[in-house]
$ cat work38.txt   # compact mmCIF, C-alpha atoms
# COMPACT_ATOMS: atom_id res chain seq x y z
CA MET A 1 8.07 120.20 -81.34
CA ARG A 2 4.55 121.10 -80.25
CA GLY A 3 4.16 124.61 -78.80
CA THR A 4 3.22 125.54 -75.25
CA LEU A 5 -0.33 126.39 -74.21
CA LEU A 6 0.10 129.40 -71.91
CA ILE A 7 -2.74 130.33 -69.57
CA PHE A 8 -2.30 134.01 -68.75
CA SER A 9 -4.46 135.69 -66.12
CA GLY A 10 -4.34 138.64 -63.79
CA PRO A 11 -6.55 141.36 -62.35
CA SER A 12 -7.96 144.24 -64.38
CA GLY A 13 -5.45 147.09 -64.40
CA VAL A 14 -2.34 144.93 -64.04
CA GLY A 15 -1.25 145.41 -67.65
CA LYS A 16 -1.70 141.86 -69.03
CA GLY A 17 -2.38 143.16 -72.51
CA THR A 18 0.84 145.20 -72.57
CA VAL A 19 2.87 142.17 -71.48
CA VAL A 20 1.26 139.96 -74.15
CA LYS A 21 2.00 142.64 -76.76
CA GLU A 22 5.66 142.64 -75.68
CA LEU A 23 5.79 138.81 -75.88
CA ARG A 24 4.40 138.88 -79.43
CA ARG A 25 6.88 141.61 -80.38
CA ARG A 26 9.70 139.29 -79.27
CA SER A 27 8.60 136.19 -81.14
CA ASP A 28 6.22 135.66 -84.03
CA ARG A 29 5.80 132.08 -82.83
CA ILE A 30 3.78 133.41 -79.89
CA ARG A 31 0.10 133.73 -80.84
CA LEU A 32 -3.04 134.87 -79.08
CA SER A 33 -6.04 132.59 -78.89
CA VAL A 34 -9.28 134.04 -80.34
CA SER A 35 -12.48 133.57 -78.29
CA ALA A 36 -15.94 132.76 -79.56
CA THR A 37 -18.83 134.87 -78.29
CA THR A 38 -22.57 135.35 -78.71
CA ARG A 39 -22.36 139.12 -78.13
CA LYS A 40 -23.14 141.35 -81.11
CA PRO A 41 -20.13 142.56 -83.15
CA ARG A 42 -19.12 146.20 -82.61
CA PRO A 43 -17.76 148.44 -85.40
CA GLU A 44 -14.12 147.71 -84.41
CA ASP A 45 -14.63 143.91 -84.37
CA VAL A 46 -13.20 141.64 -87.07
CA GLU A 47 -14.53 138.08 -87.37
CA GLY A 48 -11.80 135.57 -86.49
CA VAL A 49 -9.46 138.31 -85.25
CA THR A 50 -11.14 139.98 -82.27
CA TYR A 51 -13.71 137.16 -81.86
CA TYR A 52 -15.49 134.33 -83.63
CA PHE A 53 -19.09 135.58 -83.61
CA LYS A 54 -21.69 132.86 -83.02
CA THR A 55 -25.43 132.68 -82.54
CA MET A 56 -26.64 131.25 -79.24
CA GLU A 57 -27.65 128.07 -81.12
CA GLU A 58 -24.23 127.70 -82.74
CA PHE A 59 -22.49 128.30 -79.42
CA GLU A 60 -24.60 125.73 -77.61
CA ALA A 61 -24.02 123.19 -80.38
CA MET A 62 -20.26 123.72 -79.90
CA ILE A 63 -20.67 123.09 -76.15
CA GLY A 64 -22.61 119.94 -77.06
CA ARG A 65 -19.72 118.76 -79.24
CA ASP A 66 -17.28 119.55 -76.40
CA GLU A 67 -15.39 121.98 -78.61
CA PHE A 68 -14.41 124.48 -75.91
CA LEU A 69 -11.34 124.55 -73.68
CA GLU A 70 -13.43 126.73 -71.36
CA HIS A 71 -16.59 128.79 -71.58
CA ALA A 72 -18.60 131.15 -69.38
CA VAL A 73 -21.39 133.73 -69.33
CA TYR A 74 -20.83 137.50 -68.82
CA SER A 75 -23.66 140.05 -68.86
CA GLY A 76 -25.91 137.55 -70.57
CA ASN A 77 -23.49 136.74 -73.38
CA ARG A 78 -21.55 133.52 -73.80
CA TYR A 79 -17.78 133.51 -74.28
CA GLY A 80 -15.50 130.53 -74.86
CA THR A 81 -12.15 129.34 -76.20
CA PRO A 82 -12.58 126.91 -79.15
CA ALA A 83 -9.99 124.12 -78.88
CA GLY A 84 -9.59 123.54 -82.65
CA PRO A 85 -7.69 126.70 -83.71
CA VAL A 86 -5.56 126.50 -80.54
CA ASP A 87 -4.48 122.92 -81.29
CA GLU A 88 -3.70 123.78 -84.91
CA LEU A 89 -1.31 126.52 -83.77
CA LEU A 90 0.25 124.27 -81.09
CA ASP A 91 0.78 121.51 -83.67
CA ALA A 92 2.48 124.05 -85.94
CA GLY A 93 4.96 124.69 -83.08
CA CYS A 94 3.53 128.03 -81.96
CA ASP A 95 3.05 128.97 -78.31
CA VAL A 96 -0.56 129.99 -77.76
CA VAL A 97 -1.48 132.55 -75.10
CA LEU A 98 -4.94 132.27 -73.55
CA GLU A 99 -5.58 135.62 -71.87
CA ILE A 100 -8.48 134.51 -69.69
CA GLU A 101 -10.02 135.14 -66.27
CA VAL A 102 -9.42 132.79 -63.39
CA GLN A 103 -12.55 130.64 -63.61
CA GLY A 104 -11.85 129.87 -67.26
CA ALA A 105 -8.21 129.27 -66.40
CA LEU A 106 -9.15 126.63 -63.84
CA GLN A 107 -11.24 124.84 -66.50
CA VAL A 108 -8.29 124.80 -68.91
CA MET A 109 -5.85 123.55 -66.22
CA GLU A 110 -8.25 120.68 -65.61
CA ARG A 111 -8.64 119.78 -69.30
CA ARG A 112 -5.04 120.40 -70.36
CA PRO A 113 -2.63 119.32 -67.62
CA ASP A 114 0.29 120.19 -69.95
CA ALA A 115 -0.77 123.84 -70.14
CA VAL A 116 1.51 126.26 -68.31
CA SER A 117 -0.34 128.77 -66.14
CA VAL A 118 0.97 132.22 -65.27
CA PHE A 119 -0.74 134.76 -63.01
CA VAL A 120 0.36 138.38 -63.41
CA THR A 121 0.34 140.62 -60.34
CA ALA A 122 1.19 144.22 -59.65
CA PRO A 123 4.18 144.68 -57.29
CA SER A 124 1.62 145.02 -54.45
CA PHE A 125 -2.12 145.24 -53.95
CA ALA A 126 -1.79 148.95 -53.08
CA GLU A 127 -0.02 149.52 -56.42
CA LEU A 128 -2.83 147.69 -58.26
CA GLU A 129 -5.36 150.00 -56.59
CA ARG A 130 -3.25 153.03 -57.57
CA ARG A 131 -3.13 151.84 -61.21
CA LEU A 132 -6.90 151.31 -61.32
CA ARG A 133 -7.51 154.80 -59.86
CA GLY A 134 -5.02 156.31 -62.30
CA ARG A 135 -7.04 155.09 -65.28
CA GLY A 136 -9.51 157.95 -64.79
CA ASP A 137 -12.28 156.00 -66.50
CA THR A 138 -13.37 154.34 -63.27
CA THR A 139 -16.07 155.66 -60.98
CA GLY A 140 -15.98 154.87 -57.26
CA ALA A 141 -18.43 151.98 -57.58
CA ASP A 142 -16.52 150.66 -60.58
CA LEU A 143 -13.23 150.79 -58.65
CA GLU A 144 -14.75 148.97 -55.69
CA ARG A 145 -16.13 146.27 -57.99
CA ARG A 146 -12.79 145.80 -59.72
CA LEU A 147 -10.94 145.56 -56.40
CA ARG A 148 -13.46 142.99 -55.15
CA THR A 149 -12.92 140.96 -58.31
CA ALA A 150 -9.13 141.32 -57.91
CA ARG A 151 -9.37 139.91 -54.38
CA THR A 152 -11.21 136.78 -55.58
CA GLU A 153 -8.66 136.43 -58.39
CA TYR A 154 -5.70 136.75 -56.01
CA ALA A 155 -7.30 134.06 -53.83
CA LEU A 156 -7.04 131.61 -56.75
CA ALA A 157 -3.56 132.67 -57.93
CA PRO A 158 -1.80 129.95 -55.83
CA LYS A 159 -3.37 127.40 -58.20
CA TYR A 160 -1.26 128.75 -61.06
CA ASP A 161 2.17 127.26 -61.87
CA TYR A 162 3.87 130.64 -61.89
CA ILE A 163 3.36 134.19 -60.63
CA VAL A 164 5.07 137.05 -62.46
CA VAL A 165 5.18 140.68 -61.37
CA ASN A 166 4.44 143.42 -63.87
CA ASP A 167 6.69 146.09 -62.39
CA ARG A 168 8.38 146.80 -65.75
CA VAL A 169 6.92 145.28 -68.92
CA GLU A 170 10.33 144.18 -70.31
CA ARG A 171 11.38 142.46 -67.08
CA CYS A 172 8.00 140.76 -66.75
CA ALA A 173 8.20 139.58 -70.37
CA ASP A 174 11.73 138.24 -69.68
CA GLU A 175 10.26 136.02 -66.97
CA VAL A 176 7.45 134.74 -69.18
CA MET A 177 9.92 134.01 -72.00
CA ALA A 178 12.11 132.06 -69.51
CA ILE A 179 9.03 130.09 -68.39
CA LEU A 180 8.27 129.19 -72.03
CA THR A 181 11.90 128.17 -72.69
CA ALA A 182 12.08 126.10 -69.50
CA ASP A 183 8.80 124.33 -70.31
CA LYS A 184 10.28 123.08 -73.58
CA CYS A 185 13.22 121.58 -71.66
CA ARG A 186 10.99 119.37 -69.50
CA ALA A 187 12.36 115.83 -69.54
CA LYS A 188 9.00 114.39 -70.64
CA TYR A 189 9.25 116.27 -73.96
CA ARG A 190 12.84 115.27 -74.64
CA LEU A 191 12.97 111.53 -74.07
CA ASP A 192 13.80 111.03 -77.77
CA LEU A 193 17.25 112.47 -77.08
CA LEU A 194 18.02 109.46 -74.90
CA LYS A 195 17.51 106.86 -77.64
CA GLU A 196 20.67 105.16 -78.79
CA ASP A 197 19.59 104.45 -82.36
CA ASP A 198 19.03 108.08 -83.35
CA MET B 199 14.84 135.12 -51.87
CA ARG B 200 16.52 131.77 -51.31
CA GLY B 201 18.57 130.49 -54.25
CA THR B 202 17.89 127.39 -56.33
CA LEU B 203 19.59 124.05 -55.67
CA LEU B 204 20.46 122.81 -59.17
CA ILE B 205 21.25 119.12 -59.64
CA PHE B 206 23.37 118.87 -62.78
CA SER B 207 24.25 115.48 -64.26
CA GLY B 208 25.22 113.97 -67.56
CA PRO B 209 27.51 111.34 -69.05
CA SER B 210 31.28 111.63 -69.15
CA GLY B 211 32.29 113.48 -72.32
CA VAL B 212 29.12 115.57 -72.65
CA GLY B 213 30.81 118.78 -71.56
CA LYS B 214 29.06 119.41 -68.21
CA GLY B 215 32.07 121.26 -66.84
CA THR B 216 32.17 123.67 -69.79
CA VAL B 217 28.47 124.46 -69.38
CA VAL B 218 28.91 125.06 -65.63
CA LYS B 219 31.86 127.37 -66.37
CA GLU B 220 29.68 129.35 -68.81
CA LEU B 221 26.90 129.60 -66.19
CA ARG B 222 29.34 130.96 -63.61
CA ARG B 223 30.72 133.43 -66.17
CA ARG B 224 27.21 134.80 -66.64
CA SER B 225 26.34 135.25 -62.97
CA ASP B 226 28.46 135.43 -59.84
CA ARG B 227 25.38 134.34 -57.89
CA ILE B 228 25.80 130.86 -59.37
CA ARG B 229 28.13 128.76 -57.22
CA LEU B 230 29.51 125.25 -57.36
CA SER B 231 29.07 122.92 -54.42
CA VAL B 232 32.31 121.47 -52.98
CA SER B 233 32.38 117.74 -52.17
CA ALA B 234 33.96 116.02 -49.18
CA THR B 235 36.18 113.01 -49.84
CA THR B 236 38.38 110.52 -48.06
CA ARG B 237 40.79 110.25 -51.00
CA LYS B 238 44.30 111.64 -50.48
CA PRO B 239 44.87 115.23 -51.69
CA ARG B 240 46.86 115.59 -54.93
CA PRO B 241 49.29 118.45 -55.62
CA GLU B 242 46.65 120.48 -57.48
CA ASP B 243 44.07 120.13 -54.69
CA VAL B 244 43.08 123.03 -52.43
CA GLU B 245 41.18 122.27 -49.21
CA GLY B 246 37.65 123.73 -49.37
CA VAL B 247 38.04 124.59 -53.07
CA THR B 248 38.54 121.33 -54.95
CA TYR B 249 37.37 119.19 -52.01
CA TYR B 250 36.95 119.08 -48.25
CA PHE B 251 39.46 116.38 -47.28
CA LYS B 252 38.30 114.08 -44.48
CA THR B 253 39.60 110.99 -42.74
CA MET B 254 37.39 107.89 -42.97
CA GLU B 255 36.46 108.43 -39.29
CA GLU B 256 35.49 112.06 -39.89
CA PHE B 257 33.48 111.12 -42.98
CA GLU B 258 31.62 108.35 -41.19
CA ALA B 259 30.87 110.67 -38.25
CA MET B 260 29.34 113.12 -40.77
CA ILE B 261 27.17 110.32 -42.17
CA GLY B 262 26.15 109.51 -38.57
CA ARG B 263 25.08 113.14 -38.06
CA ASP B 264 23.16 113.03 -41.37
CA GLU B 265 25.23 115.90 -42.75
CA PHE B 266 25.30 114.80 -46.41
CA LEU B 267 22.85 115.58 -49.20
CA GLU B 268 24.25 112.44 -50.89
CA HIS B 269 27.28 110.22 -50.55
CA ALA B 270 28.82 107.24 -52.32
CA VAL B 271 31.95 105.10 -52.66
CA TYR B 272 34.23 105.14 -55.75
CA SER B 273 37.41 103.05 -56.03
CA GLY B 274 37.43 102.54 -52.28
CA ASN B 275 37.15 106.25 -51.43
CA ARG B 276 34.10 107.99 -50.01
CA TYR B 277 32.67 111.11 -51.65
CA GLY B 278 29.75 113.22 -50.47
CA THR B 279 28.05 116.62 -50.63
CA PRO B 280 27.92 118.30 -47.19
CA ALA B 281 24.56 120.08 -46.76
CA GLY B 282 25.84 122.90 -44.50
CA PRO B 283 27.85 124.99 -47.00
CA VAL B 284 25.18 124.44 -49.68
CA ASP B 285 22.42 125.78 -47.42
CA GLU B 286 24.52 128.79 -46.41
CA LEU B 287 24.91 129.75 -50.08
CA LEU B 288 21.22 129.13 -50.82
CA ASP B 289 20.21 131.29 -47.83
CA ALA B 290 22.48 134.04 -49.15
CA GLY B 291 20.42 133.95 -52.38
CA CYS B 292 22.97 132.10 -54.50
CA ASP B 293 22.04 129.31 -56.89
CA VAL B 294 24.13 126.25 -56.06
CA VAL B 295 25.11 123.75 -58.76
CA LEU B 296 25.66 120.15 -57.67
CA GLU B 297 27.58 118.53 -60.51
CA ILE B 298 26.98 114.91 -59.50
CA GLU B 299 26.41 111.49 -61.01
CA VAL B 300 22.95 110.02 -61.30
CA GLN B 301 22.87 107.84 -58.16
CA GLY B 302 23.82 110.83 -56.00
CA ALA B 303 21.33 112.97 -57.92
CA LEU B 304 18.50 110.57 -57.06
CA GLN B 305 19.44 110.81 -53.36
CA VAL B 306 19.30 114.62 -53.49
CA MET B 307 15.94 114.66 -55.37
CA GLU B 308 14.57 112.48 -52.56
CA ARG B 309 15.93 114.67 -49.74
CA ARG B 310 15.30 118.04 -51.39
CA PRO B 311 12.06 118.01 -53.35
CA ASP B 312 12.57 121.72 -54.14
CA ALA B 313 15.84 121.03 -55.97
CA VAL B 314 15.71 121.46 -59.75
CA SER B 315 17.31 118.61 -61.68
CA VAL B 316 18.84 118.96 -65.12
CA PHE B 317 20.35 116.14 -67.19
CA VAL B 318 22.75 117.20 -69.96
CA THR B 319 22.87 115.10 -73.12
CA ALA B 320 24.82 115.23 -76.35
CA PRO B 321 22.65 115.84 -79.45
CA SER B 322 22.62 112.05 -79.92
CA PHE B 323 24.21 108.93 -78.45
CA ALA B 324 26.37 108.57 -81.58
CA GLU B 325 27.67 112.10 -81.04
CA LEU B 326 28.50 111.28 -77.40
CA GLU B 327 30.50 108.26 -78.58
CA ARG B 328 32.28 110.44 -81.13
CA ARG B 329 33.18 112.99 -78.43
CA LEU B 330 34.51 110.29 -76.12
CA ARG B 331 36.63 108.81 -78.92
CA GLY B 332 37.87 112.28 -79.87
CA ARG B 333 39.34 112.80 -76.41
CA GLY B 334 42.30 110.66 -77.38
CA ASP B 335 43.00 109.76 -73.74
CA THR B 336 40.63 106.78 -73.85
CA THR B 337 41.67 103.22 -74.61
CA GLY B 338 39.19 100.81 -76.15
CA ALA B 339 38.31 99.22 -72.81
CA ASP B 340 37.96 102.67 -71.25
CA LEU B 341 35.64 103.80 -74.02
CA GLU B 342 33.48 100.70 -73.65
CA ARG B 343 33.25 101.25 -69.89
CA ARG B 344 32.27 104.91 -70.32
CA LEU B 345 29.61 104.04 -72.91
CA ARG B 346 28.21 101.37 -70.59
CA THR B 347 28.03 103.91 -67.77
CA ALA B 348 26.42 106.45 -70.12
CA ARG B 349 23.71 103.90 -70.97
CA THR B 350 22.79 103.39 -67.30
CA GLU B 351 22.80 107.18 -66.83
CA TYR B 352 20.54 107.75 -69.84
CA ALA B 353 18.16 105.13 -68.43
CA LEU B 354 17.70 107.31 -65.32
CA ALA B 355 17.51 110.66 -67.15
CA PRO B 356 13.66 110.58 -67.36
CA LYS B 357 13.64 111.05 -63.56
CA TYR B 358 15.14 114.53 -63.98
CA ASP B 359 12.91 117.61 -64.25
CA TYR B 360 14.68 118.85 -67.36
CA ILE B 361 16.90 117.60 -70.17
CA VAL B 362 19.19 120.06 -71.96
CA VAL B 363 21.28 119.38 -75.04
CA ASN B 364 24.88 120.49 -75.14
CA ASP B 365 25.11 121.15 -78.88
CA ARG B 366 26.58 124.64 -78.38
CA VAL B 367 27.69 125.71 -74.90
CA GLU B 368 26.05 129.17 -75.10
CA ARG B 369 22.70 127.79 -76.24
CA CYS B 370 22.78 125.08 -73.59
CA ALA B 371 23.63 127.68 -70.92
CA ASP B 372 20.71 129.84 -72.17
CA GLU B 373 18.36 126.96 -71.42
CA VAL B 374 19.79 126.36 -67.94
CA MET B 375 19.55 130.10 -67.15
CA ALA B 376 15.89 130.06 -68.30
CA ILE B 377 15.25 127.04 -66.05
CA LEU B 378 16.74 128.94 -63.08
CA THR B 379 14.70 132.08 -63.85
CA ALA B 380 11.48 130.09 -64.30
CA ASP B 381 12.03 128.23 -61.02
CA LYS B 382 12.09 131.53 -59.12
CA CYS B 383 8.70 132.43 -60.66
CA ARG B 384 6.98 129.35 -59.24
CA ALA B 385 3.76 130.43 -57.51
CA LYS B 386 4.75 128.69 -54.25
CA TYR B 387 7.70 131.09 -53.83
CA ARG B 388 5.71 134.22 -54.60
CA LEU B 389 2.59 133.95 -52.46
CA ASP B 390 3.71 137.06 -50.52
CA LEU B 391 2.90 139.15 -53.59
CA LEU B 392 -0.76 138.26 -53.16
CA LYS B 393 -1.08 139.75 -49.66
CA GLU B 394 -3.17 142.89 -49.47
CA ASP B 395 -1.39 144.49 -46.52
CA ASP B 396 2.03 144.72 -48.15
$ encode --input "work38.txt" --output "structure tokens"
Amino acid sequence: MRGTLLIFSGPSGVGKGTVVKELRRRSDRIRLSVSATTRKPRPEDVEGVTYYFKTMEEFEAMIGRDEFLEHAVYSGNRYGTPAGPVDELLDAGCDVVLEIEVQGALQVMERRPDAVSVFVTAPSFAELERRLRGRGDTTGADLERRLRTARTEYALAPKYDYIVVNDRVERCADEVMAILTADKCRAKYRLDLLKEDD
Amino acid sequence: MRGTLLIFSGPSGVGKGTVVKELRRRSDRIRLSVSATTRKPRPEDVEGVTYYFKTMEEFEAMIGRDEFLEHAVYSGNRYGTPAGPVDELLDAGCDVVLEIEVQGALQVMERRPDAVSVFVTAPSFAELERRLRGRGDTTGADLERRLRTARTEYALAPKYDYIVVNDRVERCADEVMAILTADKCRAKYRLDLLKEDD
């Protein structure tokens, strides 16, 4: 059967990336979506792996052809999720994780009502703040900005289908795996089982 | 947190009871609801364990006080699920399984929109027929009646949230456990995690 499109969001510092890594370790049918961007490639970037690199003209042509599940502008660069590669993976039966911020997530929920949306939180807001401070790479202004962003993200979290807590990566991944398994059991996907002539 | 009310239905012969037994083996927080009935106790019956035995007057008084999640008549006897004991278990954090037929299930879905409903099927209708035949205790007329009932049940299965296949009991129980875990992750139950003053 077709895979599940998993919208996966959460504040900076919550450990989304670590949870996604654990999910991929558990199943090679779980894949990460690759974004397109107009920002310049950095030495560590690999075309089609870290990003699809596009010129501004190419990107805008893709918007014109309605090829994005969501797109947005950050620091003057455009970023977006091309629908094509995602649908190919879904058709091949893979679950595709979109690790995206909340505004993009809301766009995808709108366009893909069958997507399953999961918001990752820390066990508490105080713990999130502690984790951000613990990173060491954040100045005071940076920390304040991240916390402000986290507050606007938390305000939109009730729009997600599910909320999981990243207290321990394994336990959090257990919950996401259960959400993926349950989604595949939805009656709407299994009506074929009820046919008498099978 | 409050437990999950799990509506669990499926045709005669599909092995619902075996799946429920496996669920209870895996977690002692999963409990079975006990029905009330006006039928006479049999030697193997234990009050409050197999059934709550009621006189017709008592049963009808309970209906009058709106104490049932669902109730129905079979072969001249009344059967129903009293809400009180179910809610006590749910409040204590247990998941409560209502193993009931489809008409009762529809009543509970109506009264308890937060209940999670699961319909158990055989891998195919032909396989269900084979299992019913294999029981040995069914006459031809009996078999025909059970298959007719199964058809009306299958017709209502799309109204359930989930459909699980009892091909192997362990695999089927895995899916039901995932459904229970996922239900507890629903955003509506976890909004407290988003509060900043926790």
$ residues_around --input "work38.txt" --residues "A:Leu90" --least-positions-apart "5" --cutoff "12 Å" --atoms "all atoms listed in the file" --output "VMD selection string"
chain A and resid 1 to 6 29 to 33 83 to 85 95 to 97 114 to 115
$ closest_residue --input "work38.txt" --among "A:Lys16, A:Tyr79, A:Pro11, A:Arg26" --to "A:Asp174" --atoms "only C-alpha atoms"
A:Arg26
$ atom_distance --input "work38.txt" --atom1 "atom CA of A:Asp183" --atom2 "atom CA of A:Ile7"
13.0 Å
$ closest_atom_pairs --input "work38.txt" --of "chain B" --to "chain A" --cutoff "7 Å" --atoms "all atoms listed in the file" --output "Markdown table"
| residue | atom | partner | partner_atom | distance |
| --- | --- | --- | --- | --- |
| B:Pro321 | CA | A:Leu193 | CA | 6.8 |
| B:Ser322 | CA | A:Leu193 | CA | 6.1 |
| B:Phe323 | CA | A:Glu196 | CA | 5.2 |
| B:Tyr352 | CA | A:Leu194 | CA | 5.9 |
| B:Pro356 | CA | A:Ala187 | CA | 5.8 |
| B:Tyr358 | CA | A:Ala187 | CA | 6.4 |
| B:Asp359 | CA | A:Ala187 | CA | 5.6 |
| B:Tyr360 | CA | A:Arg186 | CA | 4.3 |
| B:Ile361 | CA | A:Ala187 | CA | 4.9 |
| B:Val362 | CA | A:Cys185 | CA | 6.2 |
| B:Glu373 | CA | A:Ala182 | CA | 6.6 |
| B:Ala376 | CA | A:Ala178 | CA | 4.4 |
| B:Ile377 | CA | A:Ala182 | CA | 4.8 |
| B:Thr379 | CA | A:Ala178 | CA | 6.2 |
| B:Ala380 | CA | A:Ile179 | CA | 4.8 |
| B:Cys383 | CA | A:Tyr162 | CA | 5.3 |
| B:Arg384 | CA | A:Tyr162 | CA | 4.3 |
| B:Ala385 | CA | A:Tyr162 | CA | 4.4 |
| B:Lys386 | CA | A:Pro158 | CA | 6.9 |
| B:Arg388 | CA | A:Ile163 | CA | 6.5 |
| B:Leu389 | CA | A:Pro158 | CA | 6.8 |
| B:Leu391 | CA | A:Ser124 | CA | 6.1 |
| B:Leu392 | CA | A:Tyr154 | CA | 5.9 |
| B:Glu394 | CA | A:Phe125 | CA | 5.2 |
| B:Asp396 | CA | A:Ser124 | CA | 6.3 |
$ atom_distance --input "work38.txt" --atom1 "atom CA of B:Gln305" --atom2 "atom CA of B:Ser233"
14.7 Å
$ atom_distance --input "work38.txt" --atom1 "atom CA of B:Thr279" --atom2 "atom CA of B:Arg344"
23.3 Å
$ closest_residue --input "work38.txt" --among "A:Val19, A:Glu57, A:Arg25, A:Asn77" --to "A:Thr37" --atoms "all atoms listed in the file"
A:Asn77
